[in-house]
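*Asks:* Please find target05.txt (compact mmCIF, C-alpha atoms) on the next line:
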# COMPACT_ATOMS: atom_id res chain seq x y z
CA MET M 1 180.74 122.01 10.74
CA SER M 2 178.99 122.37 14.06
CA PHE M 3 177.30 119.84 16.31
CA THR M 4 174.37 121.61 17.87
CA MET M 5 173.07 120.46 21.24
CA THR M 6 169.46 120.99 20.25
CA VAL M 7 167.45 117.84 20.86
CA GLN M 8 164.63 117.24 18.43
CA PRO M 9 161.68 115.12 19.63
CA GLU M 10 161.93 112.83 16.61
CA ASP M 11 165.50 111.99 17.63
CA LEU M 12 164.55 110.49 20.97
CA SER M 13 163.61 107.05 19.69
CA PRO M 14 166.60 105.84 17.61
CA ASP M 15 169.08 103.65 19.44
CA GLU M 16 172.63 104.71 20.11
CA GLY M 17 174.13 102.81 17.20
CA HIS M 18 171.91 104.57 14.71
CA LEU M 19 172.64 107.90 16.30
CA ALA M 20 176.37 107.20 16.15
CA ILE M 21 176.17 106.17 12.49
CA ARG M 22 174.21 109.30 11.69
CA ALA M 23 176.69 111.41 13.65
CA SER M 24 179.62 109.83 11.81
CA LYS M 25 177.97 110.90 8.54
CA GLY M 26 177.81 114.47 9.77
CA ASP M 27 174.29 114.50 11.21
CA LEU M 28 174.49 117.39 13.63
CA ASN M 29 171.37 116.57 15.59
CA ALA M 30 172.48 112.99 16.19
CA ALA M 31 175.91 114.06 17.45
CA GLY M 32 174.39 116.74 19.67
CA LEU M 33 171.90 114.27 21.09
CA LEU M 34 174.61 111.78 21.96
CA ALA M 35 176.69 114.47 23.63
CA GLU M 36 173.77 115.73 25.67
CA ARG M 37 172.68 112.22 26.62
CA TYR M 38 176.09 111.20 27.92
CA ARG M 39 177.77 114.28 29.33
CA ARG M 40 176.22 113.89 32.80
CA GLY M 41 177.20 110.21 33.07
CA LEU M 42 180.69 110.91 31.81
CA TYR M 43 181.09 113.75 34.28
CA LEU M 44 179.99 111.59 37.22
CA LEU M 45 182.32 108.74 36.30
CA ALA M 46 185.21 111.16 35.83
CA LEU M 47 184.39 112.77 39.19
CA GLN M 48 184.47 109.40 40.93
CA LEU M 49 187.73 108.42 39.25
CA THR M 50 189.58 111.70 39.77
CA GLY M 51 187.91 113.14 42.86
CA SER M 52 188.00 116.63 41.37
CA LYS M 53 185.10 118.58 39.90
CA GLU M 54 187.29 120.55 37.52
CA ASP M 55 189.16 117.47 36.32
CA ALA M 56 185.82 115.74 35.85
CA MET M 57 184.46 118.57 33.71
CA ASP M 58 187.61 118.61 31.58
CA LEU M 59 187.59 114.83 31.19
CA ALA M 60 183.92 114.70 30.21
CA GLN M 61 184.52 117.31 27.53
CA GLU M 62 187.72 115.69 26.31
CA THR M 63 185.94 112.35 26.06
CA LEU M 64 183.24 113.83 23.85
CA PHE M 65 185.82 115.59 21.68
CA ARG M 66 187.73 112.35 21.23
CA PHE M 67 184.58 110.40 20.54
CA PHE M 68 183.44 112.78 17.82
CA SER M 69 186.86 113.02 16.27
CA LYS M 70 187.26 109.22 16.24
CA LEU M 71 183.74 108.13 15.36
CA HIS M 72 185.17 105.84 12.67
CA SER M 73 186.77 103.60 15.34
CA TYR M 74 183.45 103.04 17.10
CA ASN M 75 181.52 99.93 16.12
CA PRO M 76 177.83 100.98 16.21
CA SER M 77 176.71 97.39 16.84
CA LYS M 78 178.30 97.59 20.31
CA PRO M 79 176.87 99.56 23.22
CA LEU M 80 178.19 103.09 23.41
CA LYS M 81 178.36 103.49 27.17
CA PRO M 82 181.32 101.13 27.82
CA PHE M 83 183.11 102.64 24.81
CA LEU M 84 182.81 106.15 26.25
CA PHE M 85 183.56 104.98 29.79
CA ARG M 86 186.73 103.38 28.50
CA ILE M 87 187.86 106.73 27.10
CA VAL M 88 187.13 108.47 30.44
CA ARG M 89 188.98 105.78 32.35
CA ASN M 90 192.03 105.94 30.05
CA LEU M 91 192.10 109.72 30.24
CA SER M 92 191.95 109.62 34.04
CA VAL M 93 194.79 107.06 34.13
CA ASP M 94 196.85 109.40 31.91
CA LEU M 95 196.06 112.30 34.22
CA PHE M 96 197.32 110.40 37.26
CA ARG M 97 200.34 109.09 35.39
CA LYS M 98 201.35 112.60 34.39
CA GLN M 99 200.50 113.81 37.92
CA LYS M 100 198.33 116.54 36.48
CA THR M 101 195.30 116.02 38.70
CA ARG M 102 194.04 118.95 40.70
CA GLY M 103 193.82 116.79 43.83
CA TRP M 104 191.02 115.17 45.76
CA GLU M 105 188.17 117.30 46.98
CA ASN M 106 186.39 116.42 50.20
CA GLN M 107 183.02 117.75 49.20
CA ILE M 108 181.99 115.77 46.15
CA LEU M 109 179.27 113.69 47.80
CA ASP M 110 175.79 115.10 47.66
CA GLU M 111 173.13 114.69 50.33
CA PRO M 112 171.37 111.33 50.00
CA ALA M 113 167.84 111.06 48.68
CA THR M 114 165.88 110.88 51.93
CA GLY M 115 162.46 109.82 50.74
CA GLY M 116 160.65 108.40 53.78
CA LEU M 117 163.63 108.74 56.14
CA ASN M 118 163.54 110.79 59.31
CA PRO M 119 166.36 113.37 59.69
CA GLU M 120 168.33 111.18 62.11
CA ASP M 121 168.31 108.17 59.77
CA ALA M 122 169.17 110.41 56.84
CA LEU M 123 172.20 111.72 58.71
CA THR M 124 173.29 108.19 59.61
CA LEU M 125 172.98 107.15 55.96
CA GLN M 126 174.99 110.15 54.86
CA GLU M 127 177.77 109.30 57.33
CA LYS M 128 177.75 105.69 56.15
CA GLN M 129 178.05 106.75 52.51
CA LYS M 130 180.89 109.12 53.34
CA LYS M 131 182.85 106.48 55.24
CA LEU M 132 182.33 103.86 52.58
CA TRP M 133 183.53 106.30 49.92
CA GLN M 134 186.64 106.97 52.03
CA ALA M 135 187.20 103.23 52.28
CA VAL M 136 186.82 102.87 48.49
CA ASN M 137 189.42 105.59 48.00
CA SER M 138 191.87 103.82 50.29
CA LEU M 139 192.05 100.86 47.88
CA LYS M 140 194.54 100.37 45.07
CA PRO M 141 193.40 101.95 41.76
CA ILE M 142 192.80 98.55 40.13
CA TYR M 143 190.22 97.67 42.82
CA ARG M 144 188.88 101.19 43.19
CA GLU M 145 187.95 101.52 39.54
CA ILE M 146 186.16 98.19 39.31
CA LEU M 147 184.08 99.03 42.39
CA ILE M 148 183.20 102.38 40.88
CA PHE M 149 182.13 100.75 37.62
CA ARG M 150 179.98 98.16 39.34
CA ASP M 151 178.68 99.64 42.59
CA TYR M 152 178.57 103.36 41.78
CA GLN M 153 177.85 103.19 38.03
CA ASP M 154 175.87 99.95 37.99
CA LEU M 155 177.52 98.54 34.87
CA SER M 156 177.02 94.85 34.08
CA TYR M 157 180.02 92.50 34.04
CA ALA M 158 180.00 92.49 30.23
CA GLU M 159 180.03 96.30 30.15
CA ILE M 160 182.85 96.45 32.73
CA ALA M 161 184.82 93.90 30.70
CA ASP M 162 184.38 96.11 27.62
CA ALA M 163 185.29 99.30 29.44
CA LEU M 164 188.38 97.88 31.12
CA GLY M 165 189.41 95.61 28.27
CA ILE M 166 189.45 92.46 30.43
CA ALA M 167 187.60 89.12 30.39
CA SER M 168 184.25 88.71 32.16
CA GLY M 169 185.72 86.06 34.43
CA THR M 170 188.43 88.48 35.48
CA VAL M 171 185.76 91.05 36.28
CA MET M 172 184.10 88.60 38.66
CA SER M 173 187.26 87.57 40.50
CA ARG M 174 188.69 91.09 40.65
CA LEU M 175 185.40 92.47 41.91
CA ASN M 176 185.24 89.79 44.57
CA LYS M 177 188.75 90.65 45.72
CA ALA M 178 187.91 94.37 45.67
CA ARG M 179 184.80 93.83 47.79
CA THR M 180 186.68 91.66 50.27
CA LEU M 181 189.35 94.36 50.63
CA LEU M 182 186.71 97.05 50.89
CA ARG M 183 184.94 95.17 53.64
CA GLN M 184 188.23 94.90 55.52
CA ALA M 185 188.93 98.60 55.08
CA TRP M 186 185.44 99.44 56.26
CA LEU M 187 185.72 97.19 59.32
CA ASP M 188 189.13 98.69 60.17
CA GLN M 189 187.66 102.16 59.88
CA ASN M 190 184.87 101.27 62.30
CA LYS M 191 187.37 99.69 64.71
CA GLU M 192 189.45 102.87 64.76
CA GLU M 193 186.39 104.87 65.67
CA LYS M 194 185.46 102.57 68.53
CA PRO M 195 188.64 102.14 70.58
CA MET N 1 179.32 71.16 47.60
CA THR N 2 180.75 74.60 46.85
CA SER N 3 183.75 75.50 49.02
CA CYS N 4 184.55 78.77 50.79
CA GLU N 5 187.61 78.97 48.55
CA SER N 6 185.59 78.85 45.32
CA LEU N 7 183.33 81.58 46.68
CA GLY N 8 186.44 83.64 47.32
CA MET N 9 187.43 83.26 43.66
CA GLY N 10 184.48 85.32 42.52
CA LEU N 11 181.31 83.29 42.88
CA LEU N 12 180.10 85.33 45.83
CA SER N 13 180.25 88.58 43.87
CA GLY N 14 178.70 86.86 40.87
CA TYR N 15 175.86 85.68 43.09
CA LEU N 16 175.34 89.13 44.56
CA ASP N 17 175.22 90.67 41.10
CA HIS N 18 172.99 87.96 39.57
CA GLU N 19 175.71 87.10 37.08
CA LEU N 20 175.81 83.34 37.75
CA THR N 21 174.01 80.55 35.93
CA GLN N 22 171.02 79.03 37.70
CA GLY N 23 173.09 75.98 38.71
CA GLU N 24 175.96 78.05 40.12
CA ALA N 25 173.57 80.31 42.00
CA GLN N 26 171.86 77.30 43.53
CA LYS N 27 175.20 75.92 44.77
CA VAL N 28 176.16 79.27 46.31
CA ARG N 29 172.75 79.58 47.99
CA ILE N 30 173.13 76.17 49.61
CA HIS N 31 176.65 77.00 50.76
CA LEU N 32 175.54 80.28 52.31
CA GLU N 33 172.80 78.49 54.24
CA ASN N 34 175.45 76.23 55.79
CA CYS N 35 178.42 78.57 56.25
CA ALA N 36 178.05 81.40 58.75
CA GLU N 37 181.37 82.99 57.79
CA CYS N 38 180.59 83.23 54.06
CA ASN N 39 177.08 84.34 54.87
CA ALA N 40 178.41 87.22 57.02
CA LEU N 41 180.74 88.22 54.17
CA TYR N 42 177.87 88.09 51.71
CA GLU N 43 175.61 90.21 53.94
CA ASP N 44 178.35 92.83 54.34
CA MET N 45 178.96 92.90 50.58
CA LYS N 46 175.25 93.32 49.98
CA ASN N 47 175.03 96.09 52.53
CA MET N 48 178.03 97.91 51.04
CA ARG N 49 176.58 97.65 47.54
CA GLU N 50 173.27 99.13 48.70
CA VAL N 51 175.07 102.04 50.36
CA SER N 52 177.18 102.65 47.23
CA MET N 53 174.22 102.46 44.88
CA ASN N 54 172.38 105.14 46.84
CA THR N 55 175.33 107.50 47.03
CA ARG N 56 174.82 110.70 45.10
CA PHE N 57 177.56 112.95 43.80
CA LYS N 58 177.42 116.68 43.32
CA GLU N 59 176.67 117.67 39.75
CA PRO N 60 177.43 120.93 38.01
CA ARG N 61 174.69 123.54 38.15
CA ASP N 62 173.01 124.45 34.89
CA HIS N 63 175.07 127.58 34.38
CA GLU N 64 178.30 125.57 34.82
CA TRP N 65 177.30 123.28 31.96
CA ASN N 66 176.53 126.39 29.97
CA GLU N 67 180.04 127.77 30.52
CA LEU N 68 181.32 124.94 28.37
CA PRO N 69 181.44 125.29 24.60
CA LYS N 70 177.87 124.67 23.46
CA THR N 71 178.95 122.80 20.38
CA VAL N 72 181.69 120.33 19.70
CA ALA N 73 182.82 122.46 16.78
CA GLY N 74 182.81 125.44 19.17
CA GLY N 75 185.22 123.59 21.40
CA PHE N 76 187.55 122.78 18.53
CA MET N 77 187.37 126.37 17.34
CA ARG N 78 188.16 127.67 20.82
CA ARG N 79 191.27 125.51 20.95
CA LEU N 80 192.28 126.45 17.44
CA GLY N 81 191.63 130.12 18.23
CA TRP N 82 193.99 130.03 21.21
CA LEU N 83 196.65 128.33 19.12
CA ILE N 84 196.38 130.94 16.39
CA VAL N 85 196.52 133.80 18.92
CA ILE N 86 199.65 132.36 20.52
CA VAL N 87 201.36 131.82 17.16
CA TRP N 88 200.34 135.33 16.06
CA ALA N 89 201.74 136.89 19.27
CA VAL N 90 205.04 135.04 18.95
CA LEU N 91 205.42 135.99 15.27
CA THR N 92 204.49 139.62 15.85
CA VAL N 93 206.88 140.09 18.76
CA GLY N 94 209.63 138.18 16.93
CA PHE N 95 209.18 140.18 13.74
CA THR N 96 209.17 143.50 15.60
CA LEU N 97 212.33 142.64 17.47
CA TRP N 98 214.00 141.50 14.28
CA GLN N 99 213.01 144.72 12.53
CA ILE N 100 214.54 146.74 15.35
CA ALA N 101 217.71 144.68 15.30
CA ALA N 102 218.01 145.08 11.52
CA SER N 103 217.27 148.82 11.48
CA PRO N 104 220.12 151.30 10.84
CA GLU N 105 219.59 153.11 14.20
CA ASN N 106 222.58 153.27 16.50
CA LEU N 107 223.17 150.56 19.10
CA LEU N 108 222.00 152.56 22.11
CA ILE N 109 218.60 153.29 20.57
CA LYS N 110 218.24 149.65 19.56
CA VAL N 111 219.05 148.48 23.08
CA LEU N 112 216.59 150.97 24.58
CA ILE N 113 213.73 149.98 22.26
CA PHE N 114 214.56 146.26 22.41
CA GLY N 115 214.89 146.27 26.21
CA GLY N 116 211.71 148.28 26.75
CA LEU N 117 209.64 146.16 24.40
CA SER N 118 210.98 142.87 25.77
CA GLY N 119 210.42 143.99 29.35
CA PHE N 120 206.83 145.10 28.70
CA THR N 121 206.08 141.90 26.79
CA LEU N 122 207.41 139.68 29.57
CA LEU N 123 205.55 141.69 32.22
CA PHE N 124 202.33 141.46 30.21
CA ILE N 125 202.68 137.69 29.75
CA SER N 126 203.41 137.16 33.44
CA VAL N 127 200.36 139.22 34.46
CA VAL N 128 198.14 137.29 32.03
CA LEU N 129 199.47 133.95 33.30
CA ASP N 130 198.92 134.98 36.94
CA ARG N 131 195.39 136.17 36.17
CA LEU N 132 194.55 132.94 34.36
CA LYS N 133 195.89 130.85 37.23
CA ALA N 134 194.07 132.95 39.82
CA ALA N 135 190.83 132.75 37.86
CA LYS N 136 191.06 128.97 37.73
CA ASN N 137 191.81 128.53 41.44
CA ASP N 138 189.70 131.34 42.86
CA PRO N 139 187.46 129.67 45.48
CA TYR N 140 184.96 132.53 45.28
CA ARG N 141 184.56 132.70 41.51
CA LYS N 142 181.24 130.86 41.67
CA VAL N 143 179.87 133.15 44.38
CA ASP N 144 177.32 135.53 42.91
CA LYS N 145 178.46 139.12 43.14
The structure given in the file should be rewritten as structure tokens.

*Replies:*
Amino acid sequence: MSFTMTVQPEDLSPDEGHLAIRASKGDLNAAGLLAERYRRGLYLLALQLTGSKEDAMDLAQETLFRFFSKLHSYNPSKPLKPFLFRIVRNLSVDLFRKQKTRGWENQILDEPATGGLNPEDALTLQEKQKKLWQAVNSLKPIYREILIFRDYQDLSYAEIADALGIASGTVMSRLNKARTLLRQAWLDQNKEEKP
Amino acid sequence: MTSCESLGMGLLSGYLDHELTQGEAQKVRIHLENCAECNALYEDMKNMREVSMNTRFKEPRDHEWNELPKTVAGGFMRRLGWLIVIVWAVLTVGFTLWQIAASPENLLIKVLIFGGLSGFTLLFISVVLDRLKAAKNDPYRKVDK
């Protein structure tokens, strides 16, 4: 059995649940479409969680393998994104626990989209993004991951709750704590630069 | 009136992310209008969120996606293929060594054949392992030749 990555135009309309049901019944186009639709998002989340391009590529692939081999445990009435993100997150936790990460890379940020900005402002923005990312990485994993889910992946509280397996109320309070700590880390960083 | 403490328990983030009910949001709004400290915290949080949201991360180039197995089944087969090759190599080497050990040749010939074969096998495995490791960590492997 093979899941081809060919996307057929008629497959673009069905929602994720239908695609997942079709994939679970062996529909190759549906499975391929889901894989193609999510691999970029999974890669980016894995990159943010692990800080390594190679780890991110491996994790994105592993997530898709696990998803396709465990389609029966996915409830198609629930959104797919948090389900997949939960797999990525758990895999990255395993990776850190087993100390098998390839280590943080310094060059994972891309240049910002500079529509309408002059070069000087664009450079300032880039510096700001870099420093904020450093501040995010200085936080404990529990706060880092929730900030990544909300502020870098733009997941709703319900989706974060699903992905992390916690209550929505916990998402709100943990996120608030994470942002307060991040603000402190950011302010400290700026203080160090201006003695 | 909403207190600074209750904002610290999560309401401020909920307000920033539009996750509060209309009533809760109204209470937070009024508090922010009257509390400079919470308002400064809120503005910083908002600013940080905007910076985060606009941050872009490097993505693989098209050819890097293409280096991955193009099908899920392909990926499974690749893994299975490696497993079979490893099992085959172990069985072949083991069987050959056993055949030599069980053959009626005299001890010196056995030791010579056994030693030579084992040495070559170990050298070959070590070279393959080194090459695989080097290929994975080579910083120039993505530079076009």

*Asks:* So which residues touch Glu159 (chain M) within 8 Å, counting all atoms listed in the file, skipping near sequence neighbours fewer than 3 positions away, as a list of chain:residue names?

*Replies:*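 The filter keeps M:Lys81, M:Pro82, M:Leu155, M:Ser156, M:Asp162, M:Ala163.
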
*Asks:* What lies within 9 Å of region 14-30 of chain N using all atoms listed in the file, ignoring chain neighbours under 3 positions off, as a count of residues only?

*Replies:* 18

*Asks:* Give as a ChimeraX atom specification every residue of chain M that touches chain N within 8 Å, counting all atoms listed in the file.

*Replies:* /M:1-5,32,40,44,64-65,68,108-113,125,128-129,132-133,151-154,157,172-177,179-180,183

*Asks:* Taking all atoms of region 57-70 of chain M that appear in the file, build a box with edges along x, y and z, extend it by 6 Å on every side, and state its centre and edge lengths in Å to one decimal, as JSON.

*Replies:*
{"center_x": 185.5, "center_y": 113.9, "center_z": 25.0, "size_x": 16.5, "size_y": 21.4, "size_z": 29.5}

*Asks:* Neighbouring residues of Leu182 (chain M) were defined as those with any atom within 8 Å, considering all atoms listed in the file; residues of the same chain fewer than 6 positions away were excluded. Please report them as a list in words.

*Replies:*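 The contact residues come out as Ala135, Val136 and Leu139 of chain M.
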
*Asks:* Any chance you can output those residues with C-alpha atoms as an mmCIF file, in the coordinates of the input?

*Replies:*
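Once everything was written out, this is out.cif:
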data_model
loop_
_atom_site.group_PDB
_atom_site.id
_atom_site.type_symbol
_atom_site.label_atom_id
_atom_site.label_comp_id
_atom_site.auth_asym_id
_atom_site.auth_seq_id
_atom_site.Cartn_x
_atom_site.Cartn_y
_atom_site.Cartn_z
ATOM 1 C CA ALA M 135 187.200 103.230 52.280
ATOM 2 C CA VAL M 136 186.820 102.870 48.490
ATOM 3 C CA LEU M 139 192.050 100.860 47.880
#

*Asks:* Measure the distance from CA of Ile125 (chain N) to CA of Gly94 (chain N) in Å and round it to one decimal.

*Replies:*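 Taking CA of Ile125 (chain N) as the start and CA of Gly94 (chain N) as the end point, the length is 14.6 Å.
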
*Asks:* Which of these, M:Ile160, M:Ala60, M:Leu49, M:Leu71, has the shortest distance to Ser24 (chain M) once you count only C-alpha atoms?

*Replies:*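 Nearest to Ser24 (chain M): M:Leu71.
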
*Asks:* Considering only C-alpha atoms, state which residue in the set M:Gly115, M:Gln48, M:Ala30, M:Lys100 is at the smallest distance from Leu147 (chain M).

*Replies:*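 Going through M:Gly115, M:Gln48, M:Ala30, M:Lys100 one by one, the smallest distance to Leu147 (chain M) is for M:Gln48.
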
*Asks:* What's the separation between CA of Leu34 (chain M) and CA of Leu91 (chain M), in Å to one decimal place?

*Replies:*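 Between these atoms lies a distance of 19.5 Å.
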
*Asks:* So the first atom is CA of Leu95 (chain M) and the second is CA of Val85 (chain N); what is the distance between them in Å, to one decimal place?

*Replies:*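 Between CA of Leu95 (chain M) and CA of Val85 (chain N) the gap works out to 26.4 Å.
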
*Asks:* Using all atoms listed in the file, determine which residues lie at most 12 Å from Arg89 (chain M), disregarding the query and same-chain residues fewer than 6 positions distant; provide the list as an MDAnalysis selection string.

*Replies:* chainID M and resid 42:50 56 59:60 62:63 82:83 95:96 141:142 144:146 148:149 160 162:165

*Asks:* Kindly indicate which residue among N:Val111, N:Leu97, N:Ile84, N:Ala89 lies nearest to Phe124 (chain N), using all atoms listed in the file for the distances.

*Replies:* N:Ala89
